[in-house]
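Source file: structure_21.cif. Holds: mmCIF, C-alpha atoms.
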```
data_work
loop_
_atom_site.label_atom_id
_atom_site.label_comp_id
_atom_site.auth_asym_id
_atom_site.auth_seq_id
_atom_site.Cartn_x
_atom_site.Cartn_y
_atom_site.Cartn_z
CA MET M 143 -3.08 -16.88 -17.65
CA ARG M 144 -4.90 -14.12 -15.84
CA THR M 145 -4.69 -10.48 -16.86
CA GLY M 146 -2.08 -8.44 -14.98
CA ASN M 147 -3.45 -5.67 -12.80
CA LEU M 148 -2.23 -3.01 -10.43
CA TYR M 149 -3.88 -2.85 -7.00
CA ILE M 150 -3.31 -0.13 -4.49
CA ILE M 151 -4.08 -0.97 -0.90
CA SER M 152 -4.16 1.95 1.49
CA GLY M 153 -5.72 3.27 4.63
CA PRO M 154 -4.62 4.78 7.92
CA SER M 155 -1.49 3.60 9.70
CA GLY M 156 -2.59 0.75 11.97
CA ALA M 157 -5.59 -0.30 9.85
CA GLY M 158 -3.91 -3.64 9.16
CA LYS M 159 -2.72 -3.22 5.57
CA GLY M 160 0.52 -5.10 6.15
CA THR M 161 -1.24 -7.99 7.87
CA LEU M 162 -3.75 -8.27 5.03
CA VAL M 163 -1.01 -8.17 2.39
CA GLN M 164 0.75 -11.04 4.20
CA GLU M 165 -2.50 -13.03 4.12
CA LEU M 166 -2.92 -12.28 0.41
CA LEU M 167 0.56 -13.64 -0.30
CA GLY M 168 -0.62 -17.04 0.86
CA ARG M 169 -3.94 -16.90 -0.98
CA VAL M 170 -3.27 -15.29 -4.38
CA PRO M 171 -0.69 -17.37 -6.27
CA ASP M 172 0.13 -14.72 -8.91
CA ILE M 173 0.44 -11.77 -6.54
CA TRP M 174 3.59 -9.66 -6.47
CA VAL M 175 4.03 -7.02 -3.78
CA SER M 176 6.09 -4.00 -4.72
CA VAL M 177 8.81 -2.93 -2.29
CA SER M 178 8.81 0.81 -1.63
CA ALA M 179 11.79 3.08 -1.22
CA THR M 180 11.90 5.27 1.88
CA THR M 181 14.07 7.79 3.66
CA ARG M 182 12.83 6.39 7.00
CA SER M 183 15.27 4.47 9.19
CA PRO M 184 14.65 0.72 9.45
CA ARG M 185 12.55 -0.52 12.37
CA PRO M 186 13.90 -3.51 14.31
CA GLY M 187 13.68 -6.64 12.14
CA GLU M 188 13.17 -4.80 8.83
CA VAL M 189 15.37 -6.03 6.01
CA GLU M 190 16.73 -3.98 3.07
CA GLY M 191 15.00 -4.97 -0.17
CA VAL M 192 12.39 -7.06 1.63
CA HIS M 193 10.47 -4.51 3.67
CA TYR M 194 11.80 -1.33 2.02
CA PHE M 195 14.70 0.01 0.03
CA PHE M 196 16.18 2.37 2.64
CA LYS M 197 17.57 5.45 0.88
CA SER M 198 19.42 8.58 1.93
CA ALA M 199 17.77 11.90 1.10
CA GLN M 200 20.21 12.30 -1.83
CA GLU M 201 19.52 8.81 -3.19
CA PHE M 202 15.79 9.52 -3.04
CA ASP M 203 16.30 12.87 -4.83
CA ASP M 204 18.21 11.00 -7.55
CA LEU M 205 15.32 8.55 -8.05
CA ILE M 206 12.89 11.47 -8.44
CA ALA M 207 15.20 13.24 -10.92
CA GLU M 208 15.52 10.04 -13.00
CA ASP M 209 11.70 9.59 -13.08
CA GLY M 210 12.37 6.28 -11.37
CA LEU M 211 9.35 6.49 -9.06
CA LEU M 212 5.74 5.83 -9.99
CA GLU M 213 4.72 7.99 -7.06
CA TRP M 214 6.23 9.45 -3.95
CA ALA M 215 5.00 11.29 -0.91
CA LEU M 216 6.11 12.84 2.34
CA VAL M 217 4.41 10.88 5.12
CA HIS M 218 5.03 11.31 8.85
CA GLY M 219 8.19 13.30 8.11
CA ASN M 220 9.75 10.72 5.77
CA ARG M 221 9.57 10.20 2.01
CA TYR M 222 8.19 6.99 0.50
CA GLY M 223 8.02 6.04 -3.17
CA THR M 224 7.32 3.18 -5.57
CA PRO M 225 10.06 2.20 -8.04
CA VAL M 226 8.31 2.22 -11.44
CA GLU M 227 10.23 -0.23 -13.63
CA ALA M 228 9.53 -3.44 -11.70
CA VAL M 229 5.81 -2.57 -11.37
CA ARG M 230 5.33 -2.15 -15.12
CA ASP M 231 7.31 -5.32 -15.89
CA LYS M 232 5.28 -7.45 -13.47
CA ILE M 233 1.93 -6.18 -14.80
CA ALA M 234 3.08 -7.02 -18.35
CA GLU M 235 3.96 -10.54 -17.14
CA GLY M 236 0.37 -11.03 -15.90
CA ALA M 237 1.01 -10.60 -12.18
CA GLN M 238 -1.46 -9.15 -9.70
CA VAL M 239 0.76 -6.29 -8.52
CA MET M 240 0.04 -4.87 -5.06
CA LEU M 241 1.21 -1.48 -3.82
CA GLU M 242 0.79 -0.76 -0.11
CA ILE M 243 0.86 3.04 -0.12
CA ASP M 244 -0.89 6.02 1.42
CA PRO M 245 -3.91 7.69 -0.24
CA GLN M 246 -1.80 10.64 -1.43
CA GLY M 247 0.43 8.23 -3.36
CA ALA M 248 -2.58 6.25 -4.57
CA MET M 249 -4.03 9.34 -6.24
CA GLN M 250 -0.67 9.99 -7.99
CA VAL M 251 -0.55 6.42 -9.31
CA LEU M 252 -4.16 6.65 -10.48
CA GLN M 253 -3.23 9.68 -12.60
CA ARG M 254 -0.36 7.77 -14.27
CA ILE M 255 -2.11 4.37 -14.47
CA PRO M 256 -5.88 5.07 -14.58
CA GLU M 257 -6.78 1.36 -14.73
CA SER M 258 -5.36 0.84 -11.22
CA ARG M 259 -7.70 -0.89 -8.75
CA LEU M 260 -7.99 0.84 -5.38
CA ILE M 261 -8.64 -0.99 -2.09
CA PHE M 262 -9.17 1.07 1.07
CA ILE M 263 -8.63 -0.64 4.42
CA LYS M 264 -10.75 0.82 7.17
CA PRO M 265 -10.22 0.11 10.87
CA PRO M 266 -13.27 -1.05 12.85
CA SER M 267 -13.12 2.19 14.88
CA PHE M 268 -10.84 5.08 15.70
CA GLU M 269 -10.38 3.65 19.21
CA GLU M 270 -9.22 0.32 17.72
CA LEU M 271 -6.83 2.21 15.45
CA ARG M 272 -5.28 3.92 18.51
CA ARG M 273 -5.03 0.57 20.34
CA ARG M 274 -3.26 -1.05 17.36
CA LEU M 275 -0.77 1.79 17.00
CA GLU M 276 0.01 1.82 20.71
CA GLY M 277 0.30 -1.99 20.70
CA ARG M 278 3.06 -1.93 18.08
CA GLY M 279 5.51 -0.44 20.54
CA SER M 280 7.59 0.96 17.67
CA GLU M 281 6.63 4.64 17.83
CA THR M 282 6.73 7.38 20.44
CA GLN M 283 3.45 8.82 21.74
CA GLU M 284 4.11 11.91 19.61
CA GLN M 285 4.51 9.74 16.48
CA ILE M 286 1.31 7.86 17.34
CA GLU M 287 -0.61 11.13 17.67
CA LEU M 288 0.75 12.27 14.28
CA ARG M 289 -0.32 8.97 12.69
CA LEU M 290 -3.81 9.33 14.21
CA ARG M 291 -4.18 12.90 12.90
CA THR M 292 -2.98 11.76 9.47
CA GLY M 293 -5.40 8.81 9.67
CA GLU M 294 -8.35 11.15 10.17
CA THR M 295 -7.40 12.94 6.93
CA GLU M 296 -6.79 9.67 5.06
CA MET M 297 -10.23 8.33 6.01
CA LYS M 298 -11.72 11.13 3.87
CA PHE M 299 -10.27 9.42 0.75
CA GLU M 300 -12.27 6.19 1.11
CA GLY M 301 -14.97 7.36 -1.34
CA LYS M 302 -12.38 7.49 -4.13
CA TYR M 303 -11.60 3.76 -3.84
CA ASP M 304 -13.12 0.87 -5.78
CA ILE M 305 -13.81 -1.06 -2.60
CA VAL M 306 -13.67 -0.25 1.11
CA VAL M 307 -12.85 -3.20 3.37
CA ASN M 308 -13.60 -2.98 7.08
CA ASN M 309 -10.72 -4.80 8.76
CA ASP M 310 -12.69 -6.03 11.77
CA ASP M 311 -11.65 -9.65 11.07
CA VAL M 312 -8.47 -10.44 9.13
CA TYR M 313 -9.80 -13.62 7.51
CA ARG M 314 -13.12 -12.12 6.42
CA ALA M 315 -11.36 -8.99 5.12
CA THR M 316 -8.87 -11.16 3.21
CA ASP M 317 -11.73 -13.16 1.66
CA GLU M 318 -13.28 -9.90 0.44
CA ILE M 319 -10.02 -8.71 -1.13
CA VAL M 320 -9.31 -12.10 -2.75
CA ALA M 321 -12.79 -12.08 -4.34
CA PHE M 322 -12.13 -8.56 -5.69
CA ILE M 323 -8.71 -9.54 -7.11
CA ASP M 324 -10.12 -12.70 -8.71
CA ALA M 325 -12.94 -10.74 -10.34
CA CYS M 326 -10.53 -8.13 -11.73
CA ALA M 327 -7.89 -10.64 -12.87
CA ASN M 328 -10.43 -12.75 -14.74
CA GLU M 329 -11.96 -9.81 -16.64
CA LYS M 330 -11.26 -9.80 -20.36
CA LYS M 331 -9.62 -6.57 -21.46
CA GLU M 332 -10.51 -5.14 -24.85
CA ALA M 333 -7.65 -5.16 -27.34
#
```
Let me see the file written as C-alpha cells.
Amino acid sequence: MRTGNLYIISGPSGAGKGTLVQELLGRVPDIWVSVSATTRSPRPGEVEGVHYFFKSAQEFDDLIAEDGLLEWALVHGNRYGTPVEAVRDKIAEGAQVMLEIDPQGAMQVLQRIPESRLIFIKPPSFEELRRRLEGRGSETQEQIELRLRTGETEMKFEGKYDIVVNNDDVYRATDEIVAFIDACANEKKEA
C-alpha cells in the first residue's frame, strides 16, 4: 500500500484544474477527490454532493463554528470550504487525496497540514485563459473580468508550490502530475 498524501491543485479560474482532476481520476487508482462546500448556486448540470455541497450562508457559518472546515475562503463573492473529517480519514486509509482549491485556501491548508503537496496549474497564456473563461458560457462578462483580475493575483502564488504545471496540453500536463503523485506516494515516511 502506498502512503496517503494530501495534494492541493490550484491556479486561476479557467486554467483547467477540473479537466486535469478528471484525467487523474482515470489514471491514479488510489486517488480520492474531496468535494467542497460552497455558498454559490449550482451551475446547470452540477449535482449536490458530487460537484459541491451547496450550503446556505447560515449552514456555512455553522460549519465554520464547528471547526468542520479544513480551510475556507471568499472567492468571486461566494464562500468555498473543504470539510475536514473526510480528508483526514482518507489520508489515514492511504489514499492520494486531492483538493481543488484556490491559492488562498491552499495556504490555509498548508498551515494546518504542512506535509501537503502543492500543484499549481498555469494557463499557457493570459489570452488563452480569457478564451477558456468566455468559452464556458456560464458566467457574465462582469464575472469573467472578476475571474481574470483574481487570476492575475493568483498567478503570484506559483512560487509557493511544489510544482508548477503549464496546462498547454491536457495529456502532457496529466503525465507530469501523475509522475509527481507517484513519486510522493512511494516515498517512505519516517516513523
Q: Return the single residue from M:Met240, M:Leu252, M:Ile286, M:Val175 that is closest to M:Glu213, with distances computed using only C-alpha atoms.
A: M:Leu252
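Minimum distance to M:Asp311 across M:Leu205, M:Val192, M:Leu148, M:Ile263 (counting all atoms listed in the file) occurs at M:Ile263.
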(Q) Can you spell out as a list in words the set of residues that the PyMOL selection byres ((chain M and resi 219-234) around 8) selects in the structure I just provided? (A)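 For this structure, the PyMOL selection byres ((chain M and resi 219-234) around 8) captures Gly146, Asn147, Leu148, Trp174, Ser176, Val177, Ser178, Ala179, Thr180, Thr181, Arg182, Gly210, Leu211, Leu212, Glu213, Trp214, Ala215, Leu216, Val217, His218, Glu235, Gly236, Ala237, Gln238, Val239, Leu241 and Gly247 of chain M.
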Q.
Can you translate the PyMOL selection byres ((chain M and resi 315) around 12) into the concrete residues it hits in this file, as number ranges by chain?
A. M: 157-159, 161-163, 165-166, 261-266, 305-314, 316-322
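Picture a line from atom CA of M:Ala327 to atom CA of M:Glu242; it runs 18.3 Å.
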Q: Please indicate the distance in Å from atom CA of M:Pro154 to atom CA of M:Arg291, rounded to one decimal place.
A: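 Going from atom CA of M:Pro154 over to atom CA of M:Arg291, I get 9.5 Å.
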Restore N, CA and C atoms in stretch 179-211 of chain M and list the result as an mmCIF file, in the coordinates of the input.
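Below is the file result-v1.cif, written as the result:
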```cif
data_model
loop_
_atom_site.group_PDB
_atom_site.id
_atom_site.type_symbol
_atom_site.label_atom_id
_atom_site.label_comp_id
_atom_site.auth_asym_id
_atom_site.auth_seq_id
_atom_site.Cartn_x
_atom_site.Cartn_y
_atom_site.Cartn_z
ATOM 1 N N ALA M 179 10.580 2.411 -1.691
ATOM 2 C CA ALA M 179 11.790 3.080 -1.220
ATOM 3 C C ALA M 179 11.368 4.084 -0.157
ATOM 4 N N THR M 180 12.214 4.295 0.841
ATOM 5 C CA THR M 180 11.900 5.270 1.880
ATOM 6 C C THR M 180 13.159 5.912 2.434
ATOM 7 N N THR M 181 12.991 7.125 2.946
ATOM 8 C CA THR M 181 14.070 7.790 3.660
ATOM 9 C C THR M 181 13.995 7.507 5.155
ATOM 10 N N ARG M 182 12.987 6.756 5.583
ATOM 11 C CA ARG M 182 12.830 6.390 7.000
ATOM 12 C C ARG M 182 13.905 5.401 7.405
ATOM 13 N N SER M 183 14.318 5.454 8.648
ATOM 14 C CA SER M 183 15.270 4.470 9.190
ATOM 15 C C SER M 183 14.560 3.146 9.392
ATOM 16 N N PRO M 184 15.280 2.033 9.247
ATOM 17 C CA PRO M 184 14.650 0.720 9.450
ATOM 18 C C PRO M 184 14.180 0.541 10.893
ATOM 19 N N ARG M 185 13.021 -0.107 11.048
ATOM 20 C CA ARG M 185 12.550 -0.520 12.370
ATOM 21 C C ARG M 185 13.253 -1.840 12.694
ATOM 22 N N PRO M 186 13.285 -2.227 13.954
ATOM 23 C CA PRO M 186 13.900 -3.510 14.310
ATOM 24 C C PRO M 186 13.288 -4.661 13.499
ATOM 25 N N GLY M 187 14.143 -5.481 12.909
ATOM 26 C CA GLY M 187 13.680 -6.640 12.140
ATOM 27 C C GLY M 187 13.432 -6.368 10.670
ATOM 28 N N GLU M 188 13.391 -5.097 10.248
ATOM 29 C CA GLU M 188 13.170 -4.800 8.830
ATOM 30 C C GLU M 188 14.445 -5.055 8.040
ATOM 31 N N VAL M 189 14.251 -5.613 6.845
ATOM 32 C CA VAL M 189 15.370 -6.030 6.010
ATOM 33 C C VAL M 189 15.371 -5.219 4.706
ATOM 34 N N GLU M 190 16.537 -4.723 4.328
ATOM 35 C CA GLU M 190 16.730 -3.980 3.070
ATOM 36 C C GLU M 190 16.298 -4.842 1.887
ATOM 37 N N GLY M 191 15.449 -4.273 1.029
ATOM 38 C CA GLY M 191 15.000 -4.970 -0.170
ATOM 39 C C GLY M 191 13.848 -5.925 0.058
ATOM 40 N N VAL M 192 13.532 -6.200 1.304
ATOM 41 C CA VAL M 192 12.390 -7.060 1.630
ATOM 42 C C VAL M 192 11.233 -6.204 2.126
ATOM 43 N N HIS M 193 11.511 -5.380 3.132
ATOM 44 C CA HIS M 193 10.470 -4.510 3.670
ATOM 45 C C HIS M 193 10.456 -3.161 2.948
ATOM 46 N N TYR M 194 11.632 -2.602 2.731
ATOM 47 C CA TYR M 194 11.800 -1.330 2.020
ATOM 48 C C TYR M 194 13.190 -1.320 1.402
ATOM 49 N N PHE M 195 13.377 -0.368 0.468
ATOM 50 C CA PHE M 195 14.700 0.010 0.030
ATOM 51 C C PHE M 195 14.999 1.297 0.811
ATOM 52 N N PHE M 196 15.878 1.220 1.788
ATOM 53 C CA PHE M 196 16.180 2.370 2.640
ATOM 54 C C PHE M 196 17.181 3.265 1.924
ATOM 55 N N LYS M 197 16.774 4.516 1.676
ATOM 56 C CA LYS M 197 17.570 5.450 0.880
ATOM 57 C C LYS M 197 17.914 6.691 1.688
ATOM 58 N N SER M 198 19.068 7.271 1.370
ATOM 59 C CA SER M 198 19.420 8.580 1.930
ATOM 60 C C SER M 198 18.562 9.620 1.204
ATOM 61 N N ALA M 199 18.515 10.820 1.753
ATOM 62 C CA ALA M 199 17.770 11.900 1.100
ATOM 63 C C ALA M 199 18.291 12.129 -0.320
ATOM 64 N N GLN M 200 19.624 12.093 -0.509
ATOM 65 C CA GLN M 200 20.210 12.300 -1.830
ATOM 66 C C GLN M 200 19.839 11.181 -2.798
ATOM 67 N N GLU M 201 19.900 9.945 -2.334
ATOM 68 C CA GLU M 201 19.520 8.810 -3.190
ATOM 69 C C GLU M 201 18.062 8.917 -3.621
ATOM 70 N N PHE M 202 17.204 9.354 -2.708
ATOM 71 C CA PHE M 202 15.790 9.520 -3.040
ATOM 72 C C PHE M 202 15.613 10.641 -4.061
ATOM 73 N N ASP M 203 16.339 11.758 -3.859
ATOM 74 C CA ASP M 203 16.300 12.870 -4.830
ATOM 75 C C ASP M 203 16.723 12.388 -6.209
ATOM 76 N N ASP M 204 17.737 11.531 -6.269
ATOM 77 C CA ASP M 204 18.210 11.000 -7.550
ATOM 78 C C ASP M 204 17.129 10.167 -8.237
ATOM 79 N N LEU M 205 16.417 9.350 -7.473
ATOM 80 C CA LEU M 205 15.320 8.550 -8.050
ATOM 81 C C LEU M 205 14.243 9.453 -8.643
ATOM 82 N N ILE M 206 13.899 10.520 -7.944
ATOM 83 C CA ILE M 206 12.890 11.470 -8.440
ATOM 84 C C ILE M 206 13.384 12.108 -9.740
ATOM 85 N N ALA M 207 14.639 12.566 -9.744
ATOM 86 C CA ALA M 207 15.200 13.240 -10.920
ATOM 87 C C ALA M 207 15.247 12.332 -12.134
ATOM 88 N N GLU M 208 15.439 11.019 -11.908
ATOM 89 C CA GLU M 208 15.520 10.040 -13.000
ATOM 90 C C GLU M 208 14.141 9.524 -13.427
ATOM 91 N N ASP M 209 13.068 10.068 -12.847
ATOM 92 C CA ASP M 209 11.700 9.590 -13.080
ATOM 93 C C ASP M 209 11.599 8.085 -12.783
ATOM 94 N N GLY M 210 12.327 7.678 -11.743
ATOM 95 C CA GLY M 210 12.370 6.280 -11.370
ATOM 96 C C GLY M 210 11.301 5.859 -10.380
ATOM 97 N N LEU M 211 10.423 6.807 -10.008
ATOM 98 C CA LEU M 211 9.350 6.490 -9.060
ATOM 99 C C LEU M 211 7.989 6.695 -9.699
#
```
